Structures are given as structure tokens and as C-alpha cells.
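Undergrad: PDB, C-alpha atoms, pLDDT in the B column, saved as data-v2.pdb, coming up:
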ATOM      1  CA  MET N   1      -8.938 -14.470 -13.710  1.00 40.00           C
ATOM      2  CA  THR N   2      -7.726 -15.273 -10.203  1.00 41.00           C
ATOM      3  CA  ASP N   3      -6.730 -18.751  -9.187  1.00 43.00           C
ATOM      4  CA  SER N   4      -7.553 -19.476  -5.558  1.00 50.00           C
ATOM      5  CA  ASN N   5      -6.413 -23.071  -5.984  1.00 51.00           C
ATOM      6  CA  THR N   6      -2.763 -22.133  -5.485  1.00 67.00           C
ATOM      7  CA  ALA N   7      -1.326 -23.288  -2.183  1.00 80.00           C
ATOM      8  CA  THR N   8       1.102 -20.432  -1.564  1.00 87.00           C
ATOM      9  CA  TYR N   9       2.574 -17.214  -2.937  1.00 90.00           C
ATOM     10  CA  GLY N  10       5.312 -17.466  -5.547  1.00 90.00           C
ATOM     11  CA  GLY N  11       8.696 -15.785  -5.307  1.00 92.00           C
ATOM     12  CA  ILE N  12       7.737 -12.729  -7.355  1.00 93.00           C
ATOM     13  CA  SER N  13       4.574 -12.235  -5.301  1.00 92.00           C
ATOM     14  CA  ARG N  14       6.553 -12.453  -2.070  1.00 93.00           C
ATOM     15  CA  LEU N  15       9.186 -10.009  -3.353  1.00 94.00           C
ATOM     16  CA  ASN N  16       6.469  -7.606  -4.541  1.00 93.00           C
ATOM     17  CA  HIS N  17       4.745  -7.836  -1.163  1.00 94.00           C
ATOM     18  CA  TRP N  18       7.793  -7.107   0.966  1.00 96.00           C
ATOM     19  CA  ILE N  19       9.205  -4.308  -1.203  1.00 96.00           C
ATOM     20  CA  VAL N  20       5.855  -2.536  -1.369  1.00 96.00           C
ATOM     21  CA  ALA N  21       5.148  -3.219   2.322  1.00 96.00           C
ATOM     22  CA  LEU N  22       8.391  -1.556   3.404  1.00 97.00           C
ATOM     23  CA  CYS N  23       7.863   1.370   1.029  1.00 97.00           C
ATOM     24  CA  VAL N  24       4.249   1.899   2.089  1.00 97.00           C
ATOM     25  CA  LEU N  25       5.172   1.769   5.787  1.00 98.00           C
ATOM     26  CA  GLY N  26       7.945   4.278   5.139  1.00 98.00           C
ATOM     27  CA  MET N  27       5.652   6.580   3.165  1.00 98.00           C
ATOM     28  CA  LEU N  28       2.986   6.433   5.885  1.00 98.00           C
ATOM     29  CA  ALA N  29       5.583   7.210   8.558  1.00 98.00           C
ATOM     30  CA  VAL N  30       6.971  10.172   6.606  1.00 98.00           C
ATOM     31  CA  GLY N  31       3.489  11.427   5.775  1.00 97.00           C
ATOM     32  CA  PHE N  32       2.384  11.339   9.414  1.00 98.00           C
ATOM     33  CA  TYR N  33       5.680  12.985  10.436  1.00 98.00           C
ATOM     34  CA  LEU N  34       5.047  15.790   7.942  1.00 97.00           C
ATOM     35  CA  GLU N  35       1.521  16.239   9.275  1.00 96.00           C
ATOM     36  CA  PHE N  36       2.101  15.877  13.019  1.00 97.00           C
ATOM     37  CA  GLY N  37       5.853  16.365  13.518  1.00 96.00           C
ATOM     38  CA  GLY N  38       5.617  20.048  14.354  1.00 96.00           C
ATOM     39  CA  LEU N  39       7.946  20.977  11.521  1.00 96.00           C
ATOM     40  CA  THR N  40       8.229  24.489  10.174  1.00 96.00           C
ATOM     41  CA  ARG N  41       7.165  25.117   6.584  1.00 95.00           C
ATOM     42  CA  GLU N  42      10.837  25.459   5.623  1.00 96.00           C
ATOM     43  CA  ALA N  43      11.761  22.149   7.273  1.00 96.00           C
ATOM     44  CA  LYS N  44       8.865  20.369   5.563  1.00 97.00           C
ATOM     45  CA  GLY N  45       9.909  21.431   2.047  1.00 96.00           C
ATOM     46  CA  PRO N  46      12.796  19.018   1.368  1.00 97.00           C
ATOM     47  CA  ILE N  47      11.033  16.132   3.138  1.00 97.00           C
ATOM     48  CA  MET N  48       7.852  16.800   1.160  1.00 97.00           C
ATOM     49  CA  ALA N  49       9.851  16.856  -2.086  1.00 97.00           C
ATOM     50  CA  LEU N  50      11.291  13.400  -1.298  1.00 98.00           C
ATOM     51  CA  HIS N  51       7.849  12.137  -0.227  1.00 98.00           C
ATOM     52  CA  LYS N  52       6.312  13.315  -3.502  1.00 98.00           C
ATOM     53  CA  ALA N  53       9.134  11.895  -5.643  1.00 98.00           C
ATOM     54  CA  THR N  54       9.063   8.553  -3.846  1.00 98.00           C
ATOM     55  CA  GLY N  55       5.260   8.385  -3.985  1.00 97.00           C
ATOM     56  CA  THR N  56       5.314   9.051  -7.720  1.00 97.00           C
ATOM     57  CA  VAL N  57       7.896   6.328  -8.374  1.00 97.00           C
ATOM     58  CA  LEU N  58       6.144   4.010  -5.943  1.00 97.00           C
ATOM     59  CA  LEU N  59       2.930   4.425  -7.951  1.00 97.00           C
ATOM     60  CA  LEU N  60       4.578   2.543 -10.813  1.00 96.00           C
ATOM     61  CA  VAL N  61       5.772  -0.233  -8.496  1.00 96.00           C
ATOM     62  CA  ILE N  62       2.312  -0.478  -6.906  1.00 96.00           C
ATOM     63  CA  LEU N  63       0.619  -0.626 -10.307  1.00 96.00           C
ATOM     64  CA  TRP N  64       2.877  -3.578 -11.160  1.00 95.00           C
ATOM     65  CA  ARG N  65       2.158  -5.222  -7.800  1.00 93.00           C
ATOM     66  CA  VAL N  66      -1.631  -4.819  -8.073  1.00 93.00           C
ATOM     67  CA  VAL N  67      -1.755  -6.131 -11.645  1.00 94.00           C
ATOM     68  CA  TRP N  68       0.484  -9.055 -10.662  1.00 93.00           C
ATOM     69  CA  ARG N  69      -1.670  -9.904  -7.632  1.00 90.00           C
ATOM     70  CA  ILE N  70      -4.907  -9.787  -9.637  1.00 91.00           C
ATOM     71  CA  ARG N  71      -3.406 -11.962 -12.382  1.00 92.00           C
ATOM     72  CA  GLN N  72      -1.940 -14.473  -9.918  1.00 89.00           C
ATOM     73  CA  GLY N  73      -4.893 -14.593  -7.541  1.00 87.00           C
ATOM     74  CA  PHE N  74      -4.787 -15.374  -3.869  1.00 87.00           C
ATOM     75  CA  PRO N  75      -4.058 -18.776  -2.336  1.00 87.00           C
ATOM     76  CA  ALA N  76      -7.015 -20.668  -0.939  1.00 86.00           C
ATOM     77  CA  PRO N  77      -7.768 -20.004   2.728  1.00 86.00           C
ATOM     78  CA  ALA N  78      -6.068 -22.202   5.278  1.00 83.00           C
ATOM     79  CA  PRO N  79      -8.114 -25.268   6.206  1.00 83.00           C
ATOM     80  CA  GLY N  80     -10.386 -24.683   9.181  1.00 84.00           C
ATOM     81  CA  VAL N  81     -10.380 -20.880   9.020  1.00 86.00           C
ATOM     82  CA  ALA N  82     -13.760 -19.471  10.023  1.00 89.00           C
ATOM     83  CA  GLY N  83     -15.887 -17.959   7.261  1.00 92.00           C
ATOM     84  CA  TRP N  84     -15.866 -14.495   8.881  1.00 94.00           C
ATOM     85  CA  GLN N  85     -12.055 -14.562   8.901  1.00 92.00           C
ATOM     86  CA  VAL N  86     -11.950 -15.490   5.220  1.00 92.00           C
ATOM     87  CA  LEU N  87     -14.290 -12.591   4.449  1.00 95.00           C
ATOM     88  CA  ALA N  88     -12.267 -10.210   6.644  1.00 95.00           C
ATOM     89  CA  SER N  89      -9.096 -11.329   4.865  1.00 93.00           C
ATOM     90  CA  LYS N  90     -10.598 -10.709   1.434  1.00 94.00           C
ATOM     91  CA  VAL N  91     -11.931  -7.280   2.403  1.00 96.00           C
ATOM     92  CA  THR N  92      -8.593  -6.308   3.959  1.00 96.00           C
ATOM     93  CA  HIS N  93      -6.501  -7.547   1.021  1.00 94.00           C
ATOM     94  CA  TRP N  94      -8.685  -5.815  -1.568  1.00 95.00           C
ATOM     95  CA  GLY N  95      -8.816  -2.699   0.606  1.00 97.00           C
ATOM     96  CA  LEU N  96      -5.021  -2.651   0.775  1.00 97.00           C
ATOM     97  CA  LEU N  97      -4.718  -3.004  -2.995  1.00 95.00           C
ATOM     98  CA  VAL N  98      -7.211  -0.185  -3.589  1.00 96.00           C
ATOM     99  CA  MET N  99      -5.708   2.152  -0.990  1.00 97.00           C
ATOM    100  CA  MET N 100      -2.167   1.505  -2.232  1.00 96.00           C
ATOM    101  CA  LEU N 101      -3.347   2.932  -5.554  1.00 97.00           C
ATOM    102  CA  VAL N 102      -5.477   5.727  -4.079  1.00 98.00           C
ATOM    103  CA  MET N 103      -2.664   7.176  -1.986  1.00 98.00           C
ATOM    104  CA  PRO N 104      -0.080   7.891  -4.706  1.00 97.00           C
ATOM    105  CA  LEU N 105      -2.779   8.796  -7.252  1.00 97.00           C
ATOM    106  CA  SER N 106      -4.295  11.348  -4.882  1.00 97.00           C
ATOM    107  CA  GLY N 107      -0.857  12.680  -3.953  1.00 97.00           C
ATOM    108  CA  VAL N 108       0.255  13.097  -7.560  1.00 97.00           C
ATOM    109  CA  SER N 109      -3.113  14.640  -8.469  1.00 96.00           C
ATOM    110  CA  MET N 110      -2.925  16.993  -5.500  1.00 95.00           C
ATOM    111  CA  SER N 111       0.392  18.365  -6.772  1.00 95.00           C
ATOM    112  CA  LEU N 112      -0.059  18.359 -10.511  1.00 95.00           C
ATOM    113  CA  LEU N 113      -3.666  19.615 -10.449  1.00 94.00           C
ATOM    114  CA  GLY N 114      -2.781  22.012  -7.649  1.00 93.00           C
ATOM    115  CA  GLY N 115      -0.368  23.844  -9.901  1.00 94.00           C
ATOM    116  CA  ARG N 116       2.783  22.350  -8.372  1.00 95.00           C
ATOM    117  CA  PRO N 117       5.408  20.297 -10.215  1.00 97.00           C
ATOM    118  CA  ILE N 118       6.896  17.057  -8.937  1.00 97.00           C
ATOM    119  CA  SER N 119      10.675  16.803  -9.071  1.00 97.00           C
ATOM    120  CA  ILE N 120      11.818  13.194  -9.273  1.00 98.00           C
ATOM    121  CA  TYR N 121      14.956  13.368  -7.141  1.00 97.00           C
ATOM    122  CA  GLY N 122      16.269  16.253  -9.252  1.00 96.00           C
ATOM    123  CA  LEU N 123      16.605  13.965 -12.285  1.00 97.00           C
ATOM    124  CA  PHE N 124      13.570  15.370 -14.081  1.00 97.00           C
ATOM    125  CA  THR N 125      10.430  17.303 -13.243  1.00 97.00           C
ATOM    126  CA  ILE N 126       6.834  16.502 -14.032  1.00 98.00           C
ATOM    127  CA  PRO N 127       5.221  19.869 -14.769  1.00 97.00           C
ATOM    128  CA  PRO N 128       1.897  20.853 -13.229  1.00 96.00           C
ATOM    129  CA  VAL N 129      -1.184  20.225 -15.324  1.00 93.00           C
ATOM    130  CA  ALA N 130      -3.289  23.094 -14.005  1.00 92.00           C
ATOM    131  CA  LYS N 131      -4.297  24.799 -10.805  1.00 94.00           C
ATOM    132  CA  ILE N 132      -7.830  23.716 -10.012  1.00 94.00           C
ATOM    133  CA  GLU N 133      -8.660  24.663  -6.418  1.00 91.00           C
ATOM    134  CA  ALA N 134     -11.637  22.298  -6.062  1.00 93.00           C
ATOM    135  CA  VAL N 135      -9.647  19.297  -7.273  1.00 93.00           C
ATOM    136  CA  GLY N 136      -6.763  20.238  -4.993  1.00 90.00           C
ATOM    137  CA  GLU N 137      -9.072  20.336  -1.986  1.00 92.00           C
ATOM    138  CA  ILE N 138     -10.731  17.024  -2.851  1.00 96.00           C
ATOM    139  CA  THR N 139      -7.458  15.195  -3.500  1.00 96.00           C
ATOM    140  CA  HIS N 140      -6.006  16.627  -0.287  1.00 95.00           C
ATOM    141  CA  GLU N 141      -8.956  15.211   1.680  1.00 97.00           C
ATOM    142  CA  VAL N 142      -8.716  11.866  -0.114  1.00 98.00           C
ATOM    143  CA  HIS N 143      -4.970  11.726   0.622  1.00 97.00           C
ATOM    144  CA  GLU N 144      -5.422  12.704   4.262  1.00 97.00           C
ATOM    145  CA  TYR N 145      -8.278  10.314   5.060  1.00 98.00           C
ATOM    146  CA  GLY N 146      -6.763   7.663   2.806  1.00 98.00           C
ATOM    147  CA  ALA N 147      -3.617   7.644   4.936  1.00 98.00           C
ATOM    148  CA  TRP N 148      -5.676   6.774   7.994  1.00 98.00           C
ATOM    149  CA  ILE N 149      -7.633   4.102   6.148  1.00 98.00           C
ATOM    150  CA  LEU N 150      -4.428   2.587   4.767  1.00 98.00           C
ATOM    151  CA  ALA N 151      -2.780   2.675   8.209  1.00 98.00           C
ATOM    152  CA  ILE N 152      -5.773   0.873   9.741  1.00 98.00           C
ATOM    153  CA  LEU N 153      -5.761  -1.762   6.985  1.00 98.00           C
ATOM    154  CA  VAL N 154      -1.999  -2.289   7.425  1.00 98.00           C
ATOM    155  CA  ALA N 155      -2.477  -2.659  11.191  1.00 97.00           C
ATOM    156  CA  LEU N 156      -5.275  -5.211  10.658  1.00 97.00           C
ATOM    157  CA  HIS N 157      -3.115  -7.098   8.164  1.00 96.00           C
ATOM    158  CA  ILE N 158      -0.154  -7.216  10.545  1.00 97.00           C
ATOM    159  CA  ALA N 159      -2.376  -8.190  13.491  1.00 96.00           C
ATOM    160  CA  ALA N 160      -3.882 -11.042  11.466  1.00 94.00           C
ATOM    161  CA  ALA N 161      -0.431 -12.255  10.426  1.00 94.00           C
ATOM    162  CA  ILE N 162       0.701 -12.264  14.064  1.00 95.00           C
ATOM    163  CA  LYS N 163      -2.485 -14.087  15.092  1.00 93.00           C
ATOM    164  CA  HIS N 164      -1.854 -16.779  12.479  1.00 90.00           C
ATOM    165  CA  LEU N 165       1.751 -17.111  13.642  1.00 92.00           C
ATOM    166  CA  VAL N 166       1.330 -17.005  17.421  1.00 94.00           C
ATOM    167  CA  ILE N 167      -2.202 -18.209  18.153  1.00 92.00           C
ATOM    168  CA  ASP N 168      -3.324 -20.332  15.205  1.00 88.00           C
ATOM    169  CA  LYS N 169       0.147 -21.643  14.270  1.00 88.00           C
ATOM    170  CA  ASP N 170      -1.386 -22.629  10.930  1.00 86.00           C
ATOM    171  CA  GLY N 171       1.398 -21.768   8.505  1.00 85.00           C
ATOM    172  CA  VAL N 172      -0.450 -18.876   6.833  1.00 88.00           C
ATOM    173  CA  LEU N 173       2.426 -16.448   7.426  1.00 88.00           C
ATOM    174  CA  ALA N 174       4.945 -18.909   5.973  1.00 89.00           C
ATOM    175  CA  ARG N 175       3.216 -18.636   2.597  1.00 90.00           C
ATOM    176  CA  MET N 176       4.368 -14.995   2.394  1.00 90.00           C
ATOM    177  CA  THR N 177       7.778 -15.434   4.035  1.00 91.00           C
ATOM    178  CA  THR N 178       9.241 -18.714   2.834  1.00 90.00           C
ATOM    179  CA  GLY N 179       6.643 -19.709   0.245  1.00 88.00           C
ATOM    180  CA  LYS N 180       5.891 -22.933   2.136  1.00 89.00           C
ATOM    181  CA  ALA N 181       2.419 -24.214   1.333  1.00 84.00           C
ATOM    182  CA  ILE N 182      -0.046 -25.093   4.062  1.00 80.00           C
ATOM    183  CA  ASP N 183      -0.556 -28.806   4.488  1.00 69.00           C
ATOM    184  CA  ALA N 184      -4.119 -29.766   3.561  1.00 54.00           C
ATOM    185  CA  ALA N 185      -4.314 -32.168   6.468  1.00 46.00           C
TER
END
Represent the structure contained in this file as C-alpha cells.

TA:
Amino acid sequence: MTDSNTATYGGISRLNHWIVALCVLGMLAVGFYLEFGGLTREAKGPIMALHKATGTVLLLVILWRVVWRIRQGFPAPAPGVAGWQVLASKVTHWGLLVMMLVMPLSGVSMSLLGGRPISIYGLFTIPPVAKIEAVGEITHEVHEYGAWILAILVALHIAAAIKHLVIDKDGVLARMTTGKAIDAA
């Protein structure tokens, strides 16, 4: 299904990447602020409502992005990249795709199966499904630990991009910024 013979990422893939990247970074920042910002319960309420609404909408965008990425495949590795780096890249990319789905799914599940509705920016409300304590606890743990896993994967991804830009100077980052293919020389 995937085509690793492509030389670069197409325009839609690049747009998907950067929109989701900015949204995911924002959601991680807000989530960590809610958890560690020392806010009162009252101060957290409106921020949490926006976080939940945005996460729910973002789930749809991420579903599109993941399906698109799987259908399009990944470009072939840059020439001369060590095998361990290729493996690390694959694990990180697939980990990012999985965790980008796990985070909003666990967040939505935590609310709706925890007996709490999700208001989508006041436009409409998704009613709770049920209040199942065990599911609420599990999804809370998945969401909490998932945030750390996603943050680590994002940091690895960014560090690798910087390495390719600054140290390797191999054009890998250009595939996701300008769409320029790597020369096979």
C-alpha cells in the first residue's frame, strides 16, 4: 500500500504535516499547562473546555492525516543514511502516527465515558455515553502517559530534523519544507 519509491513529500502531505504539527504542539503545551501550571479548578475549566473541543476536532484532522500518510507512503531514506537511523526514523514516524490517534481518542473517551459532555466551542455538544469509572481511570492514564510518549517522539523527530539540516546537510528536511527531492548522487 505504501510507496517508498517517492523522492519527496507532496504538497498535501506537507500541509497535513505542518497543520497537525502546530496543533499537536499547541495541544501538548496546553495539556502540560493544565497539569503543571498551578491553576485553580475554576481557572482550569474554560481552558479544559477549549482543550477538549480542539482535541475532538483535531481527531478528525489527524484521522485524515494518518490515512493520507498510509496511502501515500514515506519517501525512500536519503542515500547513505545508516541502517539504525532508517529504523529509528520508521519507529518514530509510526509512533507519532499512533500516538496522534491515541491522544484525542483517549481524551474523548475519558470525557464521554466518564459521564461528561464535550462542547464544541459552544456550537453543539456531544453528550456523554455513560459514566464507567474503570474506563475513565484507564483512559486518564493512557492520556497522561501518552502525552509524555508523544512529547518524547516529537522531540526525537525535531532533533533528527535539526541533525539532518545542520550536521548531515543531506536535504532530508527540505522534503518536508519545500518538497525538494534529495539528489540520488

Undergrad: Kindly assemble as a tab-separated table a list of the region 3-56 of chain N residues that lie within 7 Å of region 171-176 of chain N, each paired with its nearest atom pair and their distance in Å to one decimal, using all atoms listed in the file, sorted first by chain and then by ascending residue number.

TA:
residue	atom	partner	partner_atom	distance
N:Thr8	CA	N:Arg175	CA	5.0
N:Tyr9	CA	N:Arg175	CA	5.7
N:Arg14	CA	N:Met176	CA	5.6

Undergrad: For region 72-155 of chain N versus region 44-57 of chain N, which residues have an atom no more than 12 Å away, and what is each residue's nearest atom pair and distance in Å rounded to one decimal, using only C-alpha atoms, chain-then-number order, as JSON lines?

TA:
{"residue": "N:Met100", "atom": "CA", "partner": "N:Gly55", "partner_atom": "CA", "distance": 10.3}
{"residue": "N:Leu101", "atom": "CA", "partner": "N:Gly55", "partner_atom": "CA", "distance": 10.3}
{"residue": "N:Val102", "atom": "CA", "partner": "N:Gly55", "partner_atom": "CA", "distance": 11.1}
{"residue": "N:Met103", "atom": "CA", "partner": "N:Gly55", "partner_atom": "CA", "distance": 8.3}
{"residue": "N:Pro104", "atom": "CA", "partner": "N:Gly55", "partner_atom": "CA", "distance": 5.4}
{"residue": "N:Leu105", "atom": "CA", "partner": "N:Thr56", "partner_atom": "CA", "distance": 8.1}
{"residue": "N:Ser106", "atom": "CA", "partner": "N:Gly55", "partner_atom": "CA", "distance": 10.0}
{"residue": "N:Gly107", "atom": "CA", "partner": "N:Lys52", "partner_atom": "CA", "distance": 7.2}
{"residue": "N:Val108", "atom": "CA", "partner": "N:Thr56", "partner_atom": "CA", "distance": 6.5}
{"residue": "N:Ser109", "atom": "CA", "partner": "N:Thr56", "partner_atom": "CA", "distance": 10.1}
{"residue": "N:Met110", "atom": "CA", "partner": "N:Lys52", "partner_atom": "CA", "distance": 10.1}
{"residue": "N:Ser111", "atom": "CA", "partner": "N:Lys52", "partner_atom": "CA", "distance": 8.4}
{"residue": "N:Leu112", "atom": "CA", "partner": "N:Lys52", "partner_atom": "CA", "distance": 10.7}
{"residue": "N:Arg116", "atom": "CA", "partner": "N:Lys52", "partner_atom": "CA", "distance": 10.9}
{"residue": "N:Pro117", "atom": "CA", "partner": "N:Lys52", "partner_atom": "CA", "distance": 9.7}
{"residue": "N:Ile118", "atom": "CA", "partner": "N:Ala53", "partner_atom": "CA", "distance": 6.5}
{"residue": "N:Ser119", "atom": "CA", "partner": "N:Ala53", "partner_atom": "CA", "distance": 6.2}
{"residue": "N:Ile120", "atom": "CA", "partner": "N:Ala53", "partner_atom": "CA", "distance": 4.7}
{"residue": "N:Tyr121", "atom": "CA", "partner": "N:Ala53", "partner_atom": "CA", "distance": 6.2}
{"residue": "N:Gly122", "atom": "CA", "partner": "N:Ala53", "partner_atom": "CA", "distance": 9.1}
{"residue": "N:Leu123", "atom": "CA", "partner": "N:Ala53", "partner_atom": "CA", "distance": 10.2}
{"residue": "N:Phe124", "atom": "CA", "partner": "N:Ala53", "partner_atom": "CA", "distance": 10.1}
{"residue": "N:Thr125", "atom": "CA", "partner": "N:Ala53", "partner_atom": "CA", "distance": 9.4}
{"residue": "N:Ile126", "atom": "CA", "partner": "N:Ala53", "partner_atom": "CA", "distance": 9.8}
{"residue": "N:His143", "atom": "CA", "partner": "N:Gly55", "partner_atom": "CA", "distance": 11.7}

Undergrad: Which residue is closest to Gly146 (chain N)? Choose from N:Met99, N:Ala134, N:Ala160, N:Ile70 and count only C-alpha atoms.

TA: N:Met99

Undergrad: Once the PyMOL selection byres ((chain N and resi 64-68) around 9) has been evaluated on this model, what residues remain selected, and can you format them as a compact mmCIF listing (two decimals) with C-alpha atoms, keeping the file's coordinate frame?

TA:
# COMPACT_ATOMS: atom_id res chain seq x y z
CA ILE N 12 7.74 -12.73 -7.36
CA SER N 13 4.57 -12.24 -5.30
CA ASN N 16 6.47 -7.61 -4.54
CA HIS N 17 4.74 -7.84 -1.16
CA VAL N 20 5.86 -2.54 -1.37
CA LEU N 59 2.93 4.42 -7.95
CA LEU N 60 4.58 2.54 -10.81
CA VAL N 61 5.77 -0.23 -8.50
CA ILE N 62 2.31 -0.48 -6.91
CA LEU N 63 0.62 -0.63 -10.31
CA ARG N 69 -1.67 -9.90 -7.63
CA ILE N 70 -4.91 -9.79 -9.64
CA ARG N 71 -3.41 -11.96 -12.38
CA GLN N 72 -1.94 -14.47 -9.92
CA GLY N 73 -4.89 -14.59 -7.54
CA LEU N 97 -4.72 -3.00 -3.00
CA VAL N 98 -7.21 -0.18 -3.59
CA MET N 100 -2.17 1.50 -2.23
CA LEU N 101 -3.35 2.93 -5.55

Undergrad: How many Å separate CA of Val91 (chain N) from CA of Val24 (chain N)?

TA: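 Computing it gives 18.6 Å between the two atoms.
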
Undergrad: Which one is closest to Leu25 (chain N): N:Lys169, N:Ile162, N:Ile152, N:Lys180? Count only C-alpha atoms.

TA: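 Smallest distance to Leu25 (chain N) is found for N:Ile152.
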